[in-house]
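Below is one structure, written out as structure tokens; comments come after it.
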Amino acid sequence: MPSTLEILDRLIAFDTTSARTNIPLVDYVRVLLDEHNISYETVPDASGEKIALVATVPDRDGSFSGGVAFSGHTDVVPTEGQPWSRPPYEVTTENGRLYGRGTTDMKGFVAAALKTVLDAAGADLDRPLHLALSYDEEVGCKGVKPLIDHMKQSGRTPDMAIIGEPTLMQPVIEHKGKIALTCEVTGEPGHSSYASTKVNAVIEAARVIAFIAELAKDISSMETPDERYVSPNSSLHVGPIRGGEALNMIPELCTFQFETRYRPGFDAGALMDRIKRHAHDVLEPDMQARNADTGFAWSVLIDYPAFRTAAQSNVLELVSRITGRNDTGKVDYGTEAGVFAAYGDIDSVVIGPGSMAQGHQPDEFIDRAQLDEAESFLSRVIDDLRHR
């Protein structure tokens with residue numbers, strides 16, 4: 001039986017950057033599950049390059065339905081361009097810290113969860129235990145919906161889900177959602193000497209961005225601030241913008257990306273629709289009066305929901321009872337908990353080892369003490385499944 005640290009060392013060795021396949025990692029997990037006779041099913045994406053997995057230790061009656069799921073994602077963010085002083089794809093242990101890409105976000109939890117599931121093989125459980133591993137969380141929680149669909153279709157749907165994102169083992173009951181769009185502006189090309197008669201795609205993009213900037217300042221008046229978040233309000237943000245080829249050429253195309261990160265209860269869809277309406281109703285008529293082929297087009301990059309643990313939450317009661325902690329947190333970043341709760345209708349909470357302050361950073365690390373605390377916590381969940 002491999003230890004959690006041995007499992008983590010193997011998981012870190014797989015470069016599962018979201019742009020790459022995660023199949024070698026999943027194959028490693030499958031070997032361990034096979035060795036312990038644990039039932040599992042895989043869910044490939046359309047390309048066949050990514051695989052999600054759900055494994056189940058059934059209850060004493062052989063049922064696969066209900067119980068608790070330990071949920072984690074297998075992908076990590078890139079290391080290119082970061083000043084690592086240690087090899088990112090192997091575990092380096094120094095002064096009680098375990099360094100490597102994904103140690104905190106979130107292969108540390110996945111290793112502890114997998115070890116706990118292996119330990120539970122053949123256990124006399126009153127309720128089932130599931131391990132749910134997704135792909136492409138880092139690029140918008142894209143792999144978890146097909147996984148949830150499969151869990152429902154195969155009769156492996158848990159009643160509760162513990163999403164092990166790094167929270168320093170504090171139960172997190174709320175986080176923001178995110179909608180990110182690409183706006184493509186089509187203008188009218190020409191020599192810059194004719195600028196007054198043409199439609200400049202960069203200028204029209206700038207007009208939309210200026211409108212977004214004004215809305216971003218107004219968001220604080222749209223909701224009451226919540227100081228339990230680092231950023232107490234929902235937000236609007238503009239990221240990459242690309243357009244134009246040379247100063248003496250009128251840009252025909254310009255694209256930019258923007259996002260809203262929004263608290264539960266905030267109507268993010270209406271906010272994005274307001275931006276689109278301004279572009280189409282206020283800016284586009286003047287553009288198309290000069291050239292009918294100009295205008296705006298939109299595409300969705302990322303869309304995952306905000307999350308709030310249910311008011312009467314069995315999983316929060318379970319976690320609080322096991323940890324002895326009554327304090328809960330809220331975080332600005334998103335997790336798959338919002339999808340489990342909103343899309344899967346599964347009672348969910350976020351709790352895991354490590355701090356997101358280390359996530360995505362060069363020389364990412366997790367404290368060994370945090371990993372030990374996660375192991376202890378997960379083993380106590382198994383004890384609870386045996387006796388309740």
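By convention in this document, the chains of the structure tokens carry letters A, B, ... by their order, each chain's residues are numbered from 1, and ligands are numbered from 1 in the order they are shown.
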**Request:** Show which residues sit within 12 Å of Arg127 in chain A, as a ChimeraX atom specification. Count only C-alpha atoms, and ignore same-chain residues fewer than 2 positions away.
**Result:** /A:56-69,120,123-125,129-130,156-160,381-388
**Request:** Using DSSP on the backbone, list every residue of range 78-255 of chain A that comes out as helix (DSSP H, G or I), and give them as a PyMOL selection string.
**Result:** chain A and resi 103-119+144-153+192-197+201-221
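Neighbouring residues of Val139 in chain A at 10 Å or closer, counting only C-alpha atoms and skipping chain neighbours under 3 positions away, are Ser18, Ala19, Asp75, Val76, Val77, Tyr135, Asp136, Lys142, Gly143, Leu301 and Ile302 of chain A.
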File of the preceding selection, N, CA and C atoms, as a PDB file, in the first residue's frame:
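Done, and the output landed in out_31.pdb:
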ATOM      1  N   SER A  18      -3.259  21.994 -18.169  1.00  0.00           N
ATOM      2  CA  SER A  18      -4.568  21.852 -18.823  1.00  0.00           C
ATOM      3  C   SER A  18      -4.472  21.656 -20.328  1.00  0.00           C
ATOM      4  N   ALA A  19      -3.429  22.175 -20.948  1.00  0.00           N
ATOM      5  CA  ALA A  19      -3.268  22.018 -22.395  1.00  0.00           C
ATOM      6  C   ALA A  19      -2.801  20.617 -22.775  1.00  0.00           C
ATOM      7  N   ASP A  75      -5.871  18.591 -13.292  1.00  0.00           N
ATOM      8  CA  ASP A  75      -5.049  19.497 -14.095  1.00  0.00           C
ATOM      9  C   ASP A  75      -4.384  20.561 -13.226  1.00  0.00           C
ATOM     10  N   VAL A  76      -3.302  21.111 -13.766  1.00  0.00           N
ATOM     11  CA  VAL A  76      -2.545  22.167 -13.088  1.00  0.00           C
ATOM     12  C   VAL A  76      -2.293  23.296 -14.077  1.00  0.00           C
ATOM     13  N   VAL A  77      -1.830  24.424 -13.558  1.00  0.00           N
ATOM     14  CA  VAL A  77      -1.500  25.560 -14.421  1.00  0.00           C
ATOM     15  C   VAL A  77      -0.059  25.425 -14.909  1.00  0.00           C
ATOM     16  N   TYR A 135     -11.147  16.877 -15.026  1.00  0.00           N
ATOM     17  CA  TYR A 135     -10.113  17.514 -15.835  1.00  0.00           C
ATOM     18  C   TYR A 135     -10.552  18.941 -16.170  1.00  0.00           C
ATOM     19  N   ASP A 136      -9.632  19.753 -16.604  1.00  0.00           N
ATOM     20  CA  ASP A 136      -9.890  21.107 -17.108  1.00  0.00           C
ATOM     21  C   ASP A 136     -10.621  22.015 -16.122  1.00  0.00           C
ATOM     22  N   LYS A 142     -14.483  22.845 -16.823  1.00  0.00           N
ATOM     23  CA  LYS A 142     -15.127  22.268 -18.005  1.00  0.00           C
ATOM     24  C   LYS A 142     -15.350  20.760 -17.911  1.00  0.00           C
ATOM     25  N   GLY A 143     -14.574  20.079 -17.084  1.00  0.00           N
ATOM     26  CA  GLY A 143     -14.672  18.628 -17.057  1.00  0.00           C
ATOM     27  C   GLY A 143     -15.610  18.065 -16.016  1.00  0.00           C
ATOM     28  N   LEU A 301     -15.957  32.258 -22.906  1.00  0.00           N
ATOM     29  CA  LEU A 301     -14.726  31.564 -22.551  1.00  0.00           C
ATOM     30  C   LEU A 301     -14.924  30.652 -21.348  1.00  0.00           C
ATOM     31  N   ILE A 302     -15.518  31.199 -20.316  1.00  0.00           N
ATOM     32  CA  ILE A 302     -15.692  30.494 -19.038  1.00  0.00           C
ATOM     33  C   ILE A 302     -17.033  30.891 -18.446  1.00  0.00           C
TER      34      ILE A 302
END
**Message:** I'd like the neighbourhood of Asp119 in chain A as a list in words, where a residue qualifies if any of its atoms comes within 9 Å (using only C-alpha atoms), though same-chain residues fewer than 4 positions away should be ignored.
**Reply:** Met1, His36, Leu114, Lys115, Ala123 and Ser379 of chain A
Using N, CA and C atoms, can you export the residues from the last selection as a compact mmCIF listing (two decimals), in the first residue's frame?
# COMPACT_ATOMS: atom_id res chain seq x y z
N MET A 1 0.85 -1.19 0.00
CA MET A 1 0.00 0.00 0.00
C MET A 1 0.89 1.25 0.00
N HIS A 36 -6.78 -2.89 -5.59
CA HIS A 36 -7.58 -2.96 -4.36
C HIS A 36 -9.04 -3.33 -4.65
N LEU A 114 -7.15 9.70 -2.44
CA LEU A 114 -6.94 8.39 -3.05
C LEU A 114 -6.44 7.39 -2.02
N LYS A 115 -5.50 7.78 -1.19
CA LYS A 115 -5.01 6.89 -0.13
C LYS A 115 -6.15 6.48 0.80
N ALA A 123 -14.36 -2.03 3.21
CA ALA A 123 -14.84 -1.63 4.53
C ALA A 123 -16.35 -1.84 4.64
N SER A 379 -9.83 10.28 7.00
CA SER A 379 -10.01 8.99 7.66
C SER A 379 -11.17 9.03 8.65
**Request:** Would you please extract all strand (DSSP E) residues from range 98-245 of chain A, as assigned by DSSP on the backbone, and give them as a ChimeraX atom specification?
**Result:** /A:98-99,129-134,160-163,172-175,177-186,190-191,235-243
**Asked** What lies within 7 Å of range 91-108 of chain A using only C-alpha atoms, ignoring chain neighbours under 6 positions off, as a PyMOL selection string?
**Response** chain A and resi 8-9+11-12+72-74+76+165-166+354-355+358-359+363-368+371
Once you have the residues from the selection above, write them out as a PDB file, in the first residue's frame, restricted to N, CA and C atoms.
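Result file again_7.pdb:
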ATOM      1  N   LEU A   8       1.565  11.166  -3.874  1.00  0.00           N
ATOM      2  CA  LEU A   8       1.756  12.553  -4.296  1.00  0.00           C
ATOM      3  C   LEU A   8       2.974  12.683  -5.197  1.00  0.00           C
ATOM      4  N   ASP A   9       4.046  11.991  -4.861  1.00  0.00           N
ATOM      5  CA  ASP A   9       5.248  12.048  -5.676  1.00  0.00           C
ATOM      6  C   ASP A   9       4.964  11.587  -7.102  1.00  0.00           C
ATOM      7  N   LEU A  11       1.912  11.598  -8.581  1.00  0.00           N
ATOM      8  CA  LEU A  11       0.973  12.528  -9.204  1.00  0.00           C
ATOM      9  C   LEU A  11       1.681  13.777  -9.715  1.00  0.00           C
ATOM     10  N   ILE A  12       2.628  14.296  -8.932  1.00  0.00           N
ATOM     11  CA  ILE A  12       3.344  15.494  -9.337  1.00  0.00           C
ATOM     12  C   ILE A  12       4.189  15.228 -10.578  1.00  0.00           C
ATOM     13  N   GLY A  72     -11.747  16.169  -6.600  1.00  0.00           N
ATOM     14  CA  GLY A  72     -10.584  16.969  -6.936  1.00  0.00           C
ATOM     15  C   GLY A  72     -10.370  17.016  -8.436  1.00  0.00           C
ATOM     16  N   HIS A  73      -9.583  17.988  -8.892  1.00  0.00           N
ATOM     17  CA  HIS A  73      -9.256  18.066 -10.318  1.00  0.00           C
ATOM     18  C   HIS A  73      -7.814  17.629 -10.533  1.00  0.00           C
ATOM     19  N   THR A  74      -7.549  17.089 -11.709  1.00  0.00           N
ATOM     20  CA  THR A  74      -6.232  16.534 -12.018  1.00  0.00           C
ATOM     21  C   THR A  74      -5.329  17.507 -12.753  1.00  0.00           C
ATOM     22  N   VAL A  76      -3.302  21.111 -13.766  1.00  0.00           N
ATOM     23  CA  VAL A  76      -2.545  22.167 -13.088  1.00  0.00           C
ATOM     24  C   VAL A  76      -2.293  23.296 -14.077  1.00  0.00           C
ATOM     25  N   GLU A 165     -10.210  21.813  -2.487  1.00  0.00           N
ATOM     26  CA  GLU A 165      -9.349  22.956  -2.823  1.00  0.00           C
ATOM     27  C   GLU A 165      -8.675  23.482  -1.559  1.00  0.00           C
ATOM     28  N   PRO A 166      -7.513  24.135  -1.702  1.00  0.00           N
ATOM     29  CA  PRO A 166      -6.765  24.570  -0.518  1.00  0.00           C
ATOM     30  C   PRO A 166      -7.472  25.661   0.272  1.00  0.00           C
ATOM     31  N   GLY A 354      -3.463  23.139   2.549  1.00  0.00           N
ATOM     32  CA  GLY A 354      -2.674  24.138   1.845  1.00  0.00           C
ATOM     33  C   GLY A 354      -3.401  25.456   1.722  1.00  0.00           C
ATOM     34  N   SER A 355      -2.678  26.427   1.183  1.00  0.00           N
ATOM     35  CA  SER A 355      -3.218  27.766   0.999  1.00  0.00           C
ATOM     36  C   SER A 355      -3.162  28.157  -0.467  1.00  0.00           C
ATOM     37  N   GLN A 358      -0.181  29.874  -2.202  1.00  0.00           N
ATOM     38  CA  GLN A 358       0.900  29.155  -2.862  1.00  0.00           C
ATOM     39  C   GLN A 358       0.480  28.606  -4.227  1.00  0.00           C
ATOM     40  N   GLY A 359      -0.842  28.484  -4.465  1.00  0.00           N
ATOM     41  CA  GLY A 359      -1.322  27.937  -5.715  1.00  0.00           C
ATOM     42  C   GLY A 359      -0.930  28.807  -6.896  1.00  0.00           C
ATOM     43  N   ASP A 363       7.686  27.675  -7.348  1.00  0.00           N
ATOM     44  CA  ASP A 363       8.033  26.985  -6.097  1.00  0.00           C
ATOM     45  C   ASP A 363       6.792  26.759  -5.234  1.00  0.00           C
ATOM     46  N   GLU A 364       5.706  26.378  -5.891  1.00  0.00           N
ATOM     47  CA  GLU A 364       4.484  26.023  -5.168  1.00  0.00           C
ATOM     48  C   GLU A 364       4.806  24.944  -4.136  1.00  0.00           C
ATOM     49  N   PHE A 365       4.194  25.068  -2.945  1.00  0.00           N
ATOM     50  CA  PHE A 365       4.460  24.068  -1.911  1.00  0.00           C
ATOM     51  C   PHE A 365       3.231  23.874  -1.040  1.00  0.00           C
ATOM     52  N   ILE A 366       3.257  22.770  -0.304  1.00  0.00           N
ATOM     53  CA  ILE A 366       2.273  22.514   0.734  1.00  0.00           C
ATOM     54  C   ILE A 366       3.028  22.097   1.986  1.00  0.00           C
ATOM     55  N   ASP A 367       2.595  22.564   3.134  1.00  0.00           N
ATOM     56  CA  ASP A 367       3.198  22.140   4.391  1.00  0.00           C
ATOM     57  C   ASP A 367       2.819  20.695   4.673  1.00  0.00           C
ATOM     58  N   ARG A 368       3.795  19.907   5.067  1.00  0.00           N
ATOM     59  CA  ARG A 368       3.524  18.500   5.368  1.00  0.00           C
ATOM     60  C   ARG A 368       2.464  18.372   6.465  1.00  0.00           C
ATOM     61  N   LEU A 371      -0.922  18.363   4.980  1.00  0.00           N
ATOM     62  CA  LEU A 371      -1.245  17.083   4.348  1.00  0.00           C
ATOM     63  C   LEU A 371      -1.616  16.050   5.406  1.00  0.00           C
TER      64      LEU A 371
END
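For the pair CA of Asp286 in chain A and CA of Val199 in chain A, the interatomic distance is 9.2 Å.
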